Structure formats: structure tokens, C-alpha cells
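Accompanying notes for the structure given below.
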Amino acid sequence: MNTRSQWGTRAGFILAAVGSAVGLGNIWRFPSVAYENGGGAFFIPYLFALLTAGIPILIMEFTMGHKYRGSSPMTFSRLNKKTEWIGWWGVLIAFVISTYYSVIIAWAISYSVFSFNLNWGSDTEGFLFNNYLNLAAPGEVGGFVPGVLIPLIIVWVVVLGILFKGVKKGIEIANRIFIPLLVLIFLIIVLRAVTLPGAVDGLEAFFAPDFSQIMSPDVWIAAYGQIFFSLSIAFAIMITYSSYLPKKSDITNNAFIVGFGNSSFELLAGIGVFGILGFMAMESNVAVDEVVAGGVGLAFVVFPAIINEFPAMNELFGFLFFASLVLAGLSSLMSISETYISGLVDKFNISRGKAVLYGGGLAALISLLYATQGGLNFLDSVDYFINQFGVALAGLVEVIAIAWFLRSLKDLQTHANGVSDVRLGSWWTISLTIITPIVLGYMMFGLFSQNLLQRFETETGNYGGYSDTFILFTGWAVAAAALIIGFLMSATRWRTTTENAYQENESREVK
């Protein structure tokens with residue numbers, strides 16, 4: 001009997017849910033997105049997107065997991081047998097993300113060690129791509145990079161060890177340590193950042209509102225995109241986690257706490273990042289916009305350069321920054337991996353240990369590709385396509401299927417209202433039936449146009465300027481594989497009926 005443990009407390013669930021949302025990307029993605037889309041004015045569409053897409057979808061997924069008491073595939077199967085493939089699609093997306101997400105955590109571990117002696121030197125960009133990653137040309141694999149491979153093995157040993165212990169004894173205990181420690185470390189970084197010379201200029205650049213951009217559709221799309229990607233929705237995490245909630249759980253309150261908790265951390269990250277960028281701009285005698293970067297460039301190129309210029313305790317703050325990346329990454333990787341472990345347990349009626357070994361072991365094995373000299377190029381392409389044509393598209397399909405084809409919102413609303421203090425009304429249904437599908441549909445149309453139509457109009461129409469062959473096999477093929485394998489998994493016979501599994505999972509008790 002594949003029973004699973006409940007969360008020990010409500011706080012344990014909230015910490016785990018916030019931990020899954022507060023990932024590596026929140027620390028560097030939100031500040032640059034906000035800055036590029038109106039600064040302080042961006043918070044208007046951002047808050048609107050949170051209230052009309054982020055929290056409504058969180059409530060929907062929390063309710064689905066809580067009502068049907070199973071992994072994402074089982075939940076969708078219980079909702080309607082014809083939609084099981086949507087659950088597996090989300091699980092496969094999470095699986096792909098876990099294979100490369102673990103490598104970025106490995107980089108952060110290495111940089112935590114480099115911080116002690118500022119090993120990256122003055123040319124931080126050259127150090128990352130040449131000295132550390134020894135980057136090969138796109139399409140070339142090359143040999144393993146020991147500085148990536150060794151910490152990568154450590155990452156998987158830690159994460160799979162925690163997952164093997166289960167929800168209550170593993171994930172919950174780990175998040176009770178990781179998340180408070182992450183917040184404490186980042187508060188120290190922020191306090192130091194806002195006291196640096198030039199920090200005021202950075203914060204002014206971050207918060208100064210440019211209301212002229214408010215009417216631009218691109219700004220609103222950016223706000224919805226940020227909310228969508230930062231809350232870990234539409235790839236099975238929140239459905240899986242909420243399936244472990246006790247029957248008497250306030251779903252709506254939990255969703256608001258998780259949504260606003262994630263946004264609060266993003267705001268904190270923005271303050272810290274731009275305080276430090278303001279200092280760097282002053283030291284370099286340039287405008288703040290000349291030192292703003294995003295993604296890997298911000299975390300592993302710009303920040304080491306900034307840390308070099310700190311007036312004191314460079315090594316300490318370098319270590320604290322990269323340690324915060326490690327903690328944020330580990331908490332997210334645990335939740336991402338839990339989706340396919342839970343799915344395997346439910347579908348094939350196997351023990352949790354075997355699911356961790358098979359699912360986590362396969363993810364760890366595939367992740368070795370990103371620990372090679374060509375790993376960054378593979379990571380860059382896979383990350384872009386699995387997020388844009390995996391997470392976003394799956395979210396659109398999920399919302400349309402539930403709201404329009406199955407018309408299940410009324411039933412889910414009744415369930416949520418039955419256990420929640422804040423009752424759902426027309427705000428929730430309008431958001432999911434009209435606003436979210438329109439915005440996500442517009443986003444997907446723009447993305448397909450950008451990646452397909454423009455390919456035939458310019459010589460470098462592919463994402464990142466990569467070759468057609470490289471993009472085909474590392475981008476489109478990976479995104480398509482998640483969907484195709486999802487269909488195949490849904491066609492596989494359940495080793496136990498969903499009805500029996502549902503009854504077994506009702507209690508979610510420790511064996």
C-alpha cells in the first residue's frame with residue numbers, strides 16, 4: 001500500500017511551497033525584469049498579474065491536490081481520465097528542469113568555495129567561461145569539468161537523500177532549515193547592500209516609476225510571465241505538495257501566503273541586487289543601466305566583479321551570496337523532483353525508495369551532460385524551450401481544459417470554500433476563465449511567432465543564434481518529448497486503480 005505522510009504542520013507546507021517558488025531565478029530574474037519594464041511602475045501590472053493569475057492558479061492547483069489526494073497524474077486522472085496526460089506533461093517538464101537546475105546549484109557551490117580567496121580574479125567573465133566551465137562550441141560535448149562534476153554529485157546525494165526520507169521526515173525538516181537560513185543570509189546581504197556608497201542611485205533606478213511604459217502590452221505580458229514562472233505553477237509541484245495537506249486545511253489562505261511570500265522575497269532580492277549595482281556603477285563611474293544584467297551573467301559574472309570592489313569583508317559577502325543561491329536551489333530542486341517521484345509511486349505502485357532511485361537516479365545521470373565542457377550551451381537551449389514551450393504552454397492547456405472543457409471550476413470552488421475562511425467568488429472564476437487564458441494565449445502566440453516566423457526572416461533567427469540542428473535537438477525536441485512521453489505514460493496501465501490509490505492516499509499516513 002503506497003501511503004505517504006502528511007505535512008507535520010501548516011507551517012511546514014507553507015515553507016516547502018514558498019521554498020519551491022523562491023528559486024535561483026527569483027534572485028536574478030525579477031530585478032532585471034522590473035527594471036526593464038518601468039521600474040516602480042512595473043509593480044502595478046505585477047500586482048494585478050499576481051491577483052488575477054498567480055494566486056488564482058495556486059488556489060486551483062492547491063484545491064485539485066487537496067481534493068483528489070494524489071500526484072499530478074493521479075489528480076488529473078481522477079478529475080477526468082482523458083486529462084491524465086496533462087498531469088504527466090507537467091511531471092516530465094519538472095523532470096527536464098531538474099536535470100539542469102542541479103548543475104546551476106553545483107556552480108553556486110563551486111563559487112561559494114571560490115569566494116574564500118576570490119579565485120575568479122578581475123576578469124570574472126573570462127574566469128566563468130574559460131577557466132571554470134572551459135566552454136566548448138555549441139554542439140560539442142567535450143570532457144567532464146571536475147569543478148562542476150564533483151559538486152553536482154554532492155547536490156544529488158543531498159537531494160535524493162532528503163527525498164528518500166519522505167515528506168514529513170525529509171522535505172519538511174530540510175525546508176525548516178533551508179528557508180529561514182536563506183532569508184537570514186539574504187537579509188544580511190541586503191542590509192550591507194543598502195549601506196554601500198552609491199546604493200541610493202541603484203535603488204532609485206530600480207524604484208523610479210516610468211509610467212509611460214504602463215500602457216505597453218509588452219510590460220503587462222512581462223508581469224504575467226514573471227508571476228507565472230516564479231510561482232512554480234503548471235508543472236506539477238503545487239498539485240503534488242497540496243496532496244499531502246491534512247483534510248482540514250485552509251486552501252485559500254495558504255495560496256495567498258505562498259503568493260505574497262514569494263513576491264516579498266522577489267522585492268527583497270530587487271533591493272539587494274540594485275543596491276549593489278548602484279555601488280558598482282559608482283565605482284566604475286558609469287550609469288546604473290550599464291551594469292545591469294540578467295541570468296547567469298548577473299549571478300556568476302557581475303556579482304563576483306562587484307564583490308571584488310567591496311570596501312571590506314569581500315570574501316564573507318561573496319560566500320553569503322553564493323550560499324544563498326545554494327539554499328534557494330536545493331529547496332526548489334527537492335520540490336521539482338518530488339513531482340516525478342510521487343507520480344511513479346502512484347502509477348506503478350512501487351515503494352518511495354524505488355521511485356527515488358529510478359526517477360532521481362535517471363535525472364542525476366542525464367544531468368552529467370551539463371557537467372561537460374559543452375554543458376552551458378545545452379543548458380541554455382533546453383532551459384529556454386522547456387520553460388517557454390513547456391511550462392507556459394502547459395499552463396495555458398491546464399487552465400483551458402479545467403475552466404472550459406471540463407467546466408470543473410464550480411466543483412473546485414465548492415471544495416475550496418468548504419475548508420477556507422476566505423471564500424472564492426466571481427474574481428476567481430473570471431480570472432481563470434477569461435483573463436489568464438487571454439494573456440497566456442497572447443504570450444504563446446508571440447513566442448511561436450518569434451521562434452518560428454522570424455527564423456525565416458533573419459540569418460540568426462534561432463534563439464541565442466544557435467544553429468538549426470542544435471536548436472532542433474536541444475530545444476524543440478526536448479519540449480516535444482515532454483509532451484509525447486506524457487501521452488505515452490498516460491496510456492500505460494495503472495498498477496493499482498486510481499480509485500484504490502485515491503482511498504489509500506486519503507490519510508497520507510506514515511507506513
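Chain labels A, B, ... are given in the sequence in which chains occur in the C-alpha cells; within each chain residues are numbered consecutively from 1, and ligands are likewise numbered from 1 in the order shown.
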
Which residues, written as a ChimeraX atom specification, have at least one atom at most 12 Å from Val103 in chain A, with only C-alpha atoms counted and residues fewer than 2 positions away on the same chain left out?
-> /A:24,97-101,105-110,133,145,147-156,326,329-330,333,363-372,375-376,378-380,383

Can I get the selected residues back with N, CA and C atoms, as a tab-separated table (two decimals), in the first residue's frame?
chain	number	residue	atom	x	y	z
A	24	LEU	N	16.45	29.87	-7.64
A	24	LEU	CA	17.60	30.64	-8.12
A	24	LEU	C	17.17	31.80	-9.00
A	97	ILE	N	13.62	19.98	-16.11
A	97	ILE	CA	14.16	21.11	-15.37
A	97	ILE	C	15.13	20.64	-14.29
A	98	SER	N	14.79	19.55	-13.61
A	98	SER	CA	15.66	19.06	-12.53
A	98	SER	C	17.03	18.64	-13.04
A	99	THR	N	17.10	18.19	-14.30
A	99	THR	CA	18.38	17.70	-14.82
A	99	THR	C	19.41	18.81	-14.96
A	100	TYR	N	18.96	20.02	-15.31
A	100	TYR	CA	19.94	21.11	-15.45
A	100	TYR	C	19.94	22.08	-14.27
A	101	TYR	N	18.84	22.14	-13.55
A	101	TYR	CA	18.77	23.02	-12.37
A	101	TYR	C	19.83	22.61	-11.35
A	105	ILE	N	23.08	24.78	-9.32
A	105	ILE	CA	23.39	24.71	-7.89
A	105	ILE	C	24.84	24.29	-7.69
A	106	ALA	N	25.32	23.37	-8.53
A	106	ALA	CA	26.72	22.94	-8.46
A	106	ALA	C	27.65	24.11	-8.72
A	107	TRP	N	27.31	24.96	-9.69
A	107	TRP	CA	28.13	26.15	-9.94
A	107	TRP	C	28.18	27.02	-8.68
A	108	ALA	N	27.00	27.21	-8.06
A	108	ALA	CA	26.94	28.06	-6.87
A	108	ALA	C	27.79	27.49	-5.74
A	109	ILE	N	27.81	26.16	-5.61
A	109	ILE	CA	28.67	25.54	-4.59
A	109	ILE	C	30.12	25.84	-4.87
A	110	SER	N	30.53	25.70	-6.13
A	110	SER	CA	31.92	25.99	-6.50
A	110	SER	C	32.26	27.44	-6.22
A	133	LEU	N	34.27	26.82	-16.59
A	133	LEU	CA	33.47	25.92	-17.44
A	133	LEU	C	34.25	25.36	-18.62
A	145	VAL	N	33.93	18.54	-16.61
A	145	VAL	CA	34.60	19.62	-15.89
A	145	VAL	C	34.58	19.25	-14.41
A	147	GLY	N	35.31	20.71	-11.69
A	147	GLY	CA	34.74	21.71	-10.78
A	147	GLY	C	33.23	21.78	-10.82
A	148	VAL	N	32.61	21.18	-11.84
A	148	VAL	CA	31.15	21.09	-11.92
A	148	VAL	C	30.69	19.70	-11.52
A	149	LEU	N	31.40	18.69	-11.96
A	149	LEU	CA	31.01	17.31	-11.73
A	149	LEU	C	30.98	16.96	-10.24
A	150	ILE	N	32.01	17.32	-9.50
A	150	ILE	CA	32.10	16.95	-8.08
A	150	ILE	C	30.97	17.58	-7.26
A	151	PRO	N	30.76	18.91	-7.35
A	151	PRO	CA	29.62	19.48	-6.59
A	151	PRO	C	28.27	18.98	-7.09
A	152	LEU	N	28.19	18.63	-8.37
A	152	LEU	CA	26.93	18.09	-8.90
A	152	LEU	C	26.59	16.77	-8.22
A	153	ILE	N	27.57	15.93	-8.03
A	153	ILE	CA	27.36	14.66	-7.33
A	153	ILE	C	26.90	14.93	-5.90
A	154	ILE	N	27.50	15.92	-5.27
A	154	ILE	CA	27.12	16.29	-3.89
A	154	ILE	C	25.66	16.74	-3.85
A	155	VAL	N	25.27	17.56	-4.83
A	155	VAL	CA	23.89	18.06	-4.89
A	155	VAL	C	22.89	16.90	-4.94
A	156	TRP	N	23.14	15.93	-5.82
A	156	TRP	CA	22.20	14.83	-5.96
A	156	TRP	C	22.21	13.91	-4.74
A	326	VAL	N	22.74	28.51	-3.25
A	326	VAL	CA	22.72	27.07	-3.00
A	326	VAL	C	21.46	26.68	-2.23
A	329	GLY	N	18.38	27.02	-4.38
A	329	GLY	CA	18.36	25.97	-5.39
A	329	GLY	C	17.98	24.61	-4.83
A	330	LEU	N	18.53	24.27	-3.68
A	330	LEU	CA	18.24	22.96	-3.07
A	330	LEU	C	16.77	22.83	-2.71
A	333	LEU	N	14.90	22.34	-5.99
A	333	LEU	CA	15.17	21.06	-6.63
A	333	LEU	C	14.45	19.92	-5.91
A	363	ALA	N	17.46	11.24	-13.51
A	363	ALA	CA	17.69	12.68	-13.63
A	363	ALA	C	19.15	13.03	-13.35
A	364	ALA	N	19.71	12.40	-12.32
A	364	ALA	CA	21.12	12.64	-11.97
A	364	ALA	C	22.04	12.19	-13.10
A	365	LEU	N	21.72	11.06	-13.71
A	365	LEU	CA	22.54	10.54	-14.81
A	365	LEU	C	22.50	11.49	-16.01
A	366	ILE	N	21.32	11.96	-16.38
A	366	ILE	CA	21.19	12.89	-17.52
A	366	ILE	C	21.89	14.21	-17.22
A	367	SER	N	21.86	14.64	-15.97
A	367	SER	CA	22.47	15.92	-15.60
A	367	SER	C	23.98	15.95	-15.86
A	368	LEU	N	24.59	14.78	-15.99
A	368	LEU	CA	26.02	14.72	-16.25
A	368	LEU	C	26.38	15.40	-17.57
A	369	LEU	N	25.41	15.44	-18.52
A	369	LEU	CA	25.66	16.11	-19.79
A	369	LEU	C	26.02	17.58	-19.58
A	370	TYR	N	25.38	18.20	-18.59
A	370	TYR	CA	25.62	19.63	-18.33
A	370	TYR	C	26.89	19.88	-17.53
A	371	ALA	N	27.51	18.81	-17.08
A	371	ALA	CA	28.78	18.94	-16.36
A	371	ALA	C	29.97	18.81	-17.30
A	372	THR	N	29.70	18.79	-18.61
A	372	THR	CA	30.77	18.70	-19.60
A	372	THR	C	31.15	20.10	-20.07
A	375	GLY	N	28.38	21.88	-21.66
A	375	GLY	CA	27.17	21.85	-20.86
A	375	GLY	C	26.37	23.13	-20.85
A	376	LEU	N	27.04	24.29	-20.80
A	376	LEU	CA	26.31	25.56	-20.72
A	376	LEU	C	25.46	25.79	-21.95
A	378	PHE	N	24.09	23.48	-23.93
A	378	PHE	CA	22.93	22.60	-23.83
A	378	PHE	C	21.93	23.14	-22.82
A	379	LEU	N	22.43	23.59	-21.68
A	379	LEU	CA	21.58	24.11	-20.61
A	379	LEU	C	20.80	25.32	-21.10
A	380	ASP	N	21.47	26.23	-21.78
A	380	ASP	CA	20.84	27.46	-22.25
A	380	ASP	C	19.67	27.17	-23.17
A	383	ASP	N	16.78	25.05	-21.27
A	383	ASP	CA	16.08	25.89	-20.30
A	383	ASP	C	15.08	26.82	-21.00

Name the residues of range 348-460 of chain A that fall into helix (DSSP H, G or I) according to DSSP on the backbone, using the chain letters and numbers of this document, as an MDAnalysis selection string.
-> chainID A and resid 348 352:371 375:405 409:419 426:456

With the cut-off set at 12 Å and counting only C-alpha atoms, tabulate each residue of range 232-304 of chain A with an atom at most that distance from an atom of range 205-213 of chain A, showing the nearest atom pair and its distance in Å to one decimal, ordered by chain and increasing number, as a Markdown table.
| residue | atom | partner | partner_atom | distance |
| --- | --- | --- | --- | --- |
| A:Leu267 | CA | A:Phe206 | CA | 10.3 |
| A:Leu268 | CA | A:Phe206 | CA | 11.8 |
| A:Ala269 | CA | A:Phe206 | CA | 11.3 |
| A:Gly270 | CA | A:Phe206 | CA | 7.5 |
| A:Ile271 | CA | A:Phe206 | CA | 7.8 |
| A:Gly272 | CA | A:Phe206 | CA | 10.5 |
| A:Val273 | CA | A:Phe206 | CA | 9.4 |
| A:Phe274 | CA | A:Phe206 | CA | 6.4 |
| A:Gly275 | CA | A:Phe206 | CA | 8.9 |
| A:Ile276 | CA | A:Phe206 | CA | 11.4 |
| A:Leu277 | CA | A:Ala205 | CA | 9.8 |
| A:Gly278 | CA | A:Ala205 | CA | 8.3 |
| A:Ala281 | CA | A:Ala205 | CA | 11.3 |
| A:Ala287 | CA | A:Ala205 | CA | 9.6 |
| A:Val288 | CA | A:Ala205 | CA | 7.1 |
| A:Asp289 | CA | A:Ala205 | CA | 8.1 |
| A:Glu290 | CA | A:Ala205 | CA | 11.6 |
| A:Val291 | CA | A:Ala205 | CA | 11.7 |
| A:Val292 | CA | A:Ala205 | CA | 10.4 |

Pick from A:Leu191, A:Val219, A:Leu320, A:Leu488 nearest to Phe116 in chain A, counting only C-alpha atoms = A:Leu320

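Distance check against Gly297 in chain A using only C-alpha atoms: of A:Leu128, A:Ile386, A:Leu47, A:Leu58, the minimum falls on A:Leu128.
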
Residue neighbourhood Ile233 in chain A, 9 Å, only C-alpha atoms, exclusion window fewer than 4 positions, as a PyMOL selection string = chain A and resi 21+54+57-58+61+228-229+237-239+391+395

Output the selection as an mmCIF file, in the first residue's frame - N, CA and C atoms for each residue.
data_model
loop_
_atom_site.group_PDB
_atom_site.id
_atom_site.type_symbol
_atom_site.label_atom_id
_atom_site.label_comp_id
_atom_site.auth_asym_id
_atom_site.auth_seq_id
_atom_site.Cartn_x
_atom_site.Cartn_y
_atom_site.Cartn_z
ATOM 1 N N ALA A 21 8.937 27.958 -4.766
ATOM 2 C CA ALA A 21 8.772 29.155 -5.602
ATOM 3 C C ALA A 21 10.024 30.032 -5.573
ATOM 4 N N GLY A 54 -1.548 34.490 -10.780
ATOM 5 C CA GLY A 54 -0.710 33.722 -9.851
ATOM 6 C C GLY A 54 -1.475 33.055 -8.732
ATOM 7 N N ILE A 57 -4.401 30.570 -9.891
ATOM 8 C CA ILE A 57 -3.915 29.258 -10.319
ATOM 9 C C ILE A 57 -3.378 28.473 -9.131
ATOM 10 N N LEU A 58 -2.717 29.165 -8.191
ATOM 11 C CA LEU A 58 -2.267 28.486 -6.973
ATOM 12 C C LEU A 58 -3.451 27.865 -6.243
ATOM 13 N N GLU A 61 -4.684 24.775 -8.156
ATOM 14 C CA GLU A 61 -3.830 23.606 -8.031
ATOM 15 C C GLU A 61 -3.815 23.077 -6.600
ATOM 16 N N PHE A 228 4.032 33.950 -13.487
ATOM 17 C CA PHE A 228 3.787 32.572 -13.884
ATOM 18 C C PHE A 228 5.008 31.699 -13.629
ATOM 19 N N PHE A 229 6.193 32.188 -14.021
ATOM 20 C CA PHE A 229 7.399 31.380 -13.900
ATOM 21 C C PHE A 229 7.959 31.354 -12.481
ATOM 22 N N ILE A 237 4.252 20.768 -9.300
ATOM 23 C CA ILE A 237 4.773 20.924 -7.936
ATOM 24 C C ILE A 237 3.657 21.201 -6.935
ATOM 25 N N MET A 238 2.864 22.226 -7.185
ATOM 26 C CA MET A 238 1.872 22.648 -6.196
ATOM 27 C C MET A 238 0.744 21.625 -6.042
ATOM 28 N N ILE A 239 0.396 20.926 -7.120
ATOM 29 C CA ILE A 239 -0.598 19.857 -7.002
ATOM 30 C C ILE A 239 -0.052 18.746 -6.107
ATOM 31 N N VAL A 391 6.449 24.903 -19.728
ATOM 32 C CA VAL A 391 5.716 25.438 -18.583
ATOM 33 C C VAL A 391 4.581 26.359 -19.026
ATOM 34 N N GLY A 395 0.639 25.417 -18.854
ATOM 35 C CA GLY A 395 -0.249 26.218 -18.014
ATOM 36 C C GLY A 395 -1.480 26.670 -18.770
#

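When only C-alpha atoms are used to compute distances to Leu196 in chain A, the closest of the residues A:Glu266, A:Glu309, A:Pro180, A:Glu172 turns out to be A:Glu309.
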